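These notes are about the structure you will find just below.
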Amino acid sequence: MNKFVVVVVTVVAAFMVLEQSLAIKCFVCNSYHQADCADWFDNVTQHLVNCDPWQHKCRKIVQEVWLDDHWDVRYLRQCAAGGTVGRYEGRECQEVYGTYNIRVRYCHCDNQDGCNSAHRPATSLSTVLPVLLSISVYVLRQIR
């Protein structure tokens, strides 16, 4: 029984590490606090962050507010679970104009790390894990 527990724990740990390494990586920053987050973006001083497995996309938001006779512009870069990827692999952004002189432009991408360079798997490894564990239990019982 000890061998079985060791095998199951090893398989689960291996798949968790593998799935985390396949998760998309995005830049996560806010130009309000970090000037190098704005455009032109400095990807040397900013680092890629592993997104959570349920976040499949990267997002860039540009917020513009008319304040004291000038446009105050903020840039946000983050991981995203939802959002529509625009044309040209997310290079085409969507724009929203609000009342009170507010403009927001946002882009989503999912084609590569930092598209924010790894291809996302079509299915998550965590959905395959129960099947693999069942197979390993069956094989281990056959070995005995």
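Ligands are numbered from 1 in the order shown, residues from 1 within each chain, and chains are lettered A, B, ... in the order they appear in the structure tokens.
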
Inset, instruction - Would you please give, as a PyMOL selection string, all residues of range 30-118 of chain A that DSSP assigns to alpha helix (DSSP H) based on the backbone? - result: chain A and resi 87-90

Written selection (all heavy atoms) as a tab-separated table (two decimals), in the first residue's frame:
```
chain	number	residue	atom	x	y	z
A	87	ARG	N	-8.80	40.92	-33.45
A	87	ARG	CA	-8.14	40.49	-34.69
A	87	ARG	C	-6.64	40.68	-34.58
A	87	ARG	O	-6.16	41.45	-33.75
A	87	ARG	CB	-8.69	41.27	-35.88
A	87	ARG	CG	-10.14	40.96	-36.14
A	87	ARG	CD	-10.66	41.53	-37.43
A	87	ARG	NE	-10.26	42.93	-37.63
A	87	ARG	CZ	-10.50	43.59	-38.75
A	87	ARG	NH1	-11.12	43.02	-39.74
A	87	ARG	NH2	-10.13	44.85	-38.87
A	88	TYR	N	-5.92	39.97	-35.45
A	88	TYR	CA	-4.46	40.02	-35.51
A	88	TYR	C	-3.86	39.57	-34.18
A	88	TYR	O	-2.96	40.21	-33.63
A	88	TYR	CB	-3.97	41.41	-35.90
A	88	TYR	CG	-4.66	41.97	-37.11
A	88	TYR	CD1	-5.48	43.08	-37.01
A	88	TYR	CD2	-4.53	41.35	-38.35
A	88	TYR	CE1	-6.15	43.57	-38.12
A	88	TYR	CE2	-5.19	41.84	-39.47
A	88	TYR	CZ	-6.00	42.94	-39.34
A	88	TYR	OH	-6.67	43.43	-40.44
A	89	GLU	N	-4.37	38.44	-33.65
A	89	GLU	CA	-3.89	37.82	-32.42
A	89	GLU	C	-3.94	38.76	-31.23
A	89	GLU	O	-3.08	38.76	-30.36
A	89	GLU	CB	-2.49	37.25	-32.61
A	89	GLU	CG	-2.43	36.14	-33.64
A	89	GLU	CD	-1.03	35.63	-33.89
A	89	GLU	OE1	-0.05	36.36	-33.65
A	89	GLU	OE2	-0.93	34.48	-34.33
A	90	GLY	N	-4.95	39.60	-31.18
A	90	GLY	CA	-5.16	40.50	-30.05
A	90	GLY	C	-4.51	41.85	-30.19
A	90	GLY	O	-4.56	42.66	-29.28
```

Inset, instruction - Can you work out which one of A:His33, A:Lys57, A:His70, A:His47 has the shortest atom-to-atom distance to Cys109 in chain A, counting only C-alpha atoms? - result: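 Going through A:His33, A:Lys57, A:His70, A:His47 one by one, the smallest distance to Cys109 in chain A is for A:Lys57.
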
Inset, instruction - Considering only C-alpha atoms, state which residue in the set A:Cys93, A:Ile61, A:Leu48, A:Trp40 is at the smallest distance from Lys25 in chain A. - result: A:Leu48

Inset, instruction - Write out as a list of chain:residue names which residues come within 9 Å of Gly82 in chain A when counting only C-alpha atoms, dropping same-chain ones fewer than 4 positions away. - result: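 Those residues are A:Gln55, A:His56, A:Lys57, A:His108.
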
Based on the selection just made, write all heavy atoms of those residues as a compact mmCIF listing (two decimals), in the first residue's frame.
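Full text of again-v7.txt as output:
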```
# COMPACT_ATOMS: atom_id res chain seq x y z
N GLN A 55 -6.82 31.12 -15.84
CA GLN A 55 -6.65 32.36 -16.61
C GLN A 55 -5.87 32.04 -17.88
O GLN A 55 -4.69 31.73 -17.82
CB GLN A 55 -5.92 33.41 -15.77
CG GLN A 55 -6.71 33.85 -14.56
CD GLN A 55 -5.93 34.78 -13.67
OE1 GLN A 55 -4.78 34.53 -13.35
NE2 GLN A 55 -6.57 35.87 -13.26
N HIS A 56 -6.53 32.10 -19.01
CA HIS A 56 -5.95 31.66 -20.27
C HIS A 56 -5.47 32.80 -21.16
O HIS A 56 -4.98 32.56 -22.25
CB HIS A 56 -6.99 30.85 -21.07
CG HIS A 56 -7.59 29.73 -20.30
ND1 HIS A 56 -6.95 28.53 -20.14
CD2 HIS A 56 -8.75 29.63 -19.62
CE1 HIS A 56 -7.70 27.73 -19.41
NE2 HIS A 56 -8.81 28.39 -19.08
N LYS A 57 -5.64 34.03 -20.70
CA LYS A 57 -5.34 35.17 -21.56
C LYS A 57 -4.57 36.24 -20.80
O LYS A 57 -4.58 36.27 -19.58
CB LYS A 57 -6.63 35.79 -22.10
CG LYS A 57 -7.44 34.84 -22.93
CD LYS A 57 -8.77 35.43 -23.31
CE LYS A 57 -9.55 34.37 -24.08
NZ LYS A 57 -10.95 34.55 -24.00
N HIS A 108 -7.05 41.70 -25.46
CA HIS A 108 -6.81 40.38 -24.90
C HIS A 108 -6.01 39.57 -25.91
O HIS A 108 -6.22 39.69 -27.12
CB HIS A 108 -8.13 39.65 -24.62
CG HIS A 108 -8.91 40.27 -23.52
ND1 HIS A 108 -9.83 41.27 -23.75
CD2 HIS A 108 -8.90 40.06 -22.18
CE1 HIS A 108 -10.37 41.62 -22.60
NE2 HIS A 108 -9.81 40.91 -21.63
```

Inset, instruction - Calculate how many Å separate CA of Thr84 in chain A from CA of Thr45 in chain A, rounding to one decimal. - result: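 That distance, rounded to one decimal, is 28.0 Å.
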
Inset, instruction - To one decimal in Å, tell me the separation between CA of Cys107 in chain A and CA of Ala35 in chain A. - result: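 These atoms are spaced 19.7 Å apart.
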
Inset, instruction - Quick one: everything within 10 Å of Asp52 in chain A, counting only C-alpha atoms, minus sequence neighbours fewer than 6 positions away in the same chain. Send it as a PyMOL selection string. - result: chain A and resi 20+23-25+79-81

Any chance you could export the current selection's all heavy atoms as a CSV table (one decimal), in the first residue's frame?
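Printed below is again-v5.csv as written:
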```csv
chain,number,residue,atom,x,y,z
A,20,GLN,N,1.4,23.9,-14.3
A,20,GLN,CA,1.8,25.2,-13.9
A,20,GLN,C,2.8,25.8,-14.9
A,20,GLN,O,2.8,26.9,-15.3
A,20,GLN,CB,2.3,25.3,-12.5
A,20,GLN,CG,2.7,26.7,-12.1
A,20,GLN,CD,1.5,27.6,-12.0
A,20,GLN,OE1,0.4,27.2,-11.8
A,20,GLN,NE2,1.7,28.9,-12.3
A,23,ALA,N,1.0,27.0,-18.0
A,23,ALA,CA,0.1,28.1,-17.9
A,23,ALA,C,0.7,29.3,-18.6
A,23,ALA,O,1.9,29.5,-18.7
A,23,ALA,CB,-0.2,28.5,-16.5
A,24,ILE,N,-0.2,30.2,-19.2
A,24,ILE,CA,0.3,31.4,-19.9
A,24,ILE,C,0.9,32.3,-18.9
A,24,ILE,O,0.6,32.3,-17.7
A,24,ILE,CB,-0.8,32.1,-20.7
A,24,ILE,CG1,-0.2,33.1,-21.6
A,24,ILE,CG2,-1.8,32.7,-19.7
A,24,ILE,CD1,-1.2,33.6,-22.7
A,25,LYS,N,1.9,33.0,-19.3
A,25,LYS,CA,2.6,34.0,-18.4
A,25,LYS,C,2.3,35.4,-19.0
A,25,LYS,O,2.4,35.6,-20.2
A,25,LYS,CB,4.1,33.8,-18.4
A,25,LYS,CG,4.5,32.4,-17.8
A,25,LYS,CD,6.0,32.2,-17.9
A,25,LYS,CE,6.3,30.8,-17.3
A,25,LYS,NZ,7.7,30.6,-17.4
A,79,CYS,N,-3.3,39.2,-16.0
A,79,CYS,CA,-3.9,37.9,-16.4
A,79,CYS,C,-5.4,38.1,-16.5
A,79,CYS,O,-6.0,38.9,-15.8
A,79,CYS,CB,-3.5,36.8,-15.5
A,79,CYS,SG,-1.7,36.6,-15.2
A,80,ALA,N,-6.0,37.3,-17.4
A,80,ALA,CA,-7.4,37.4,-17.6
A,80,ALA,C,-8.0,36.0,-17.8
A,80,ALA,O,-7.5,35.1,-18.5
A,80,ALA,CB,-7.8,38.3,-18.7
A,81,ALA,N,-9.2,35.8,-17.2
A,81,ALA,CA,-9.9,34.5,-17.5
A,81,ALA,C,-10.9,34.7,-18.7
A,81,ALA,O,-11.1,33.7,-19.4
A,81,ALA,CB,-10.7,34.2,-16.2
```

Inset, instruction - Would you mind reading off the distance between CA of Val104 in chain A and CA of Asn43 in chain A, one decimal, in Å? - result: 22.5 Å

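Distances here use only C-alpha atoms; by that measure, the residue among A:Ile143, A:Val73, A:Cys29, A:Cys51 closest to Arg103 in chain A is A:Val73.
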
Inset, instruction - Name the closest residue to Asp110 in chain A among the candidates A:Asp68, A:Lys60, A:Gln46, A:Gly98; distances are taken between atoms, counting only C-alpha atoms. - result: A:Lys60
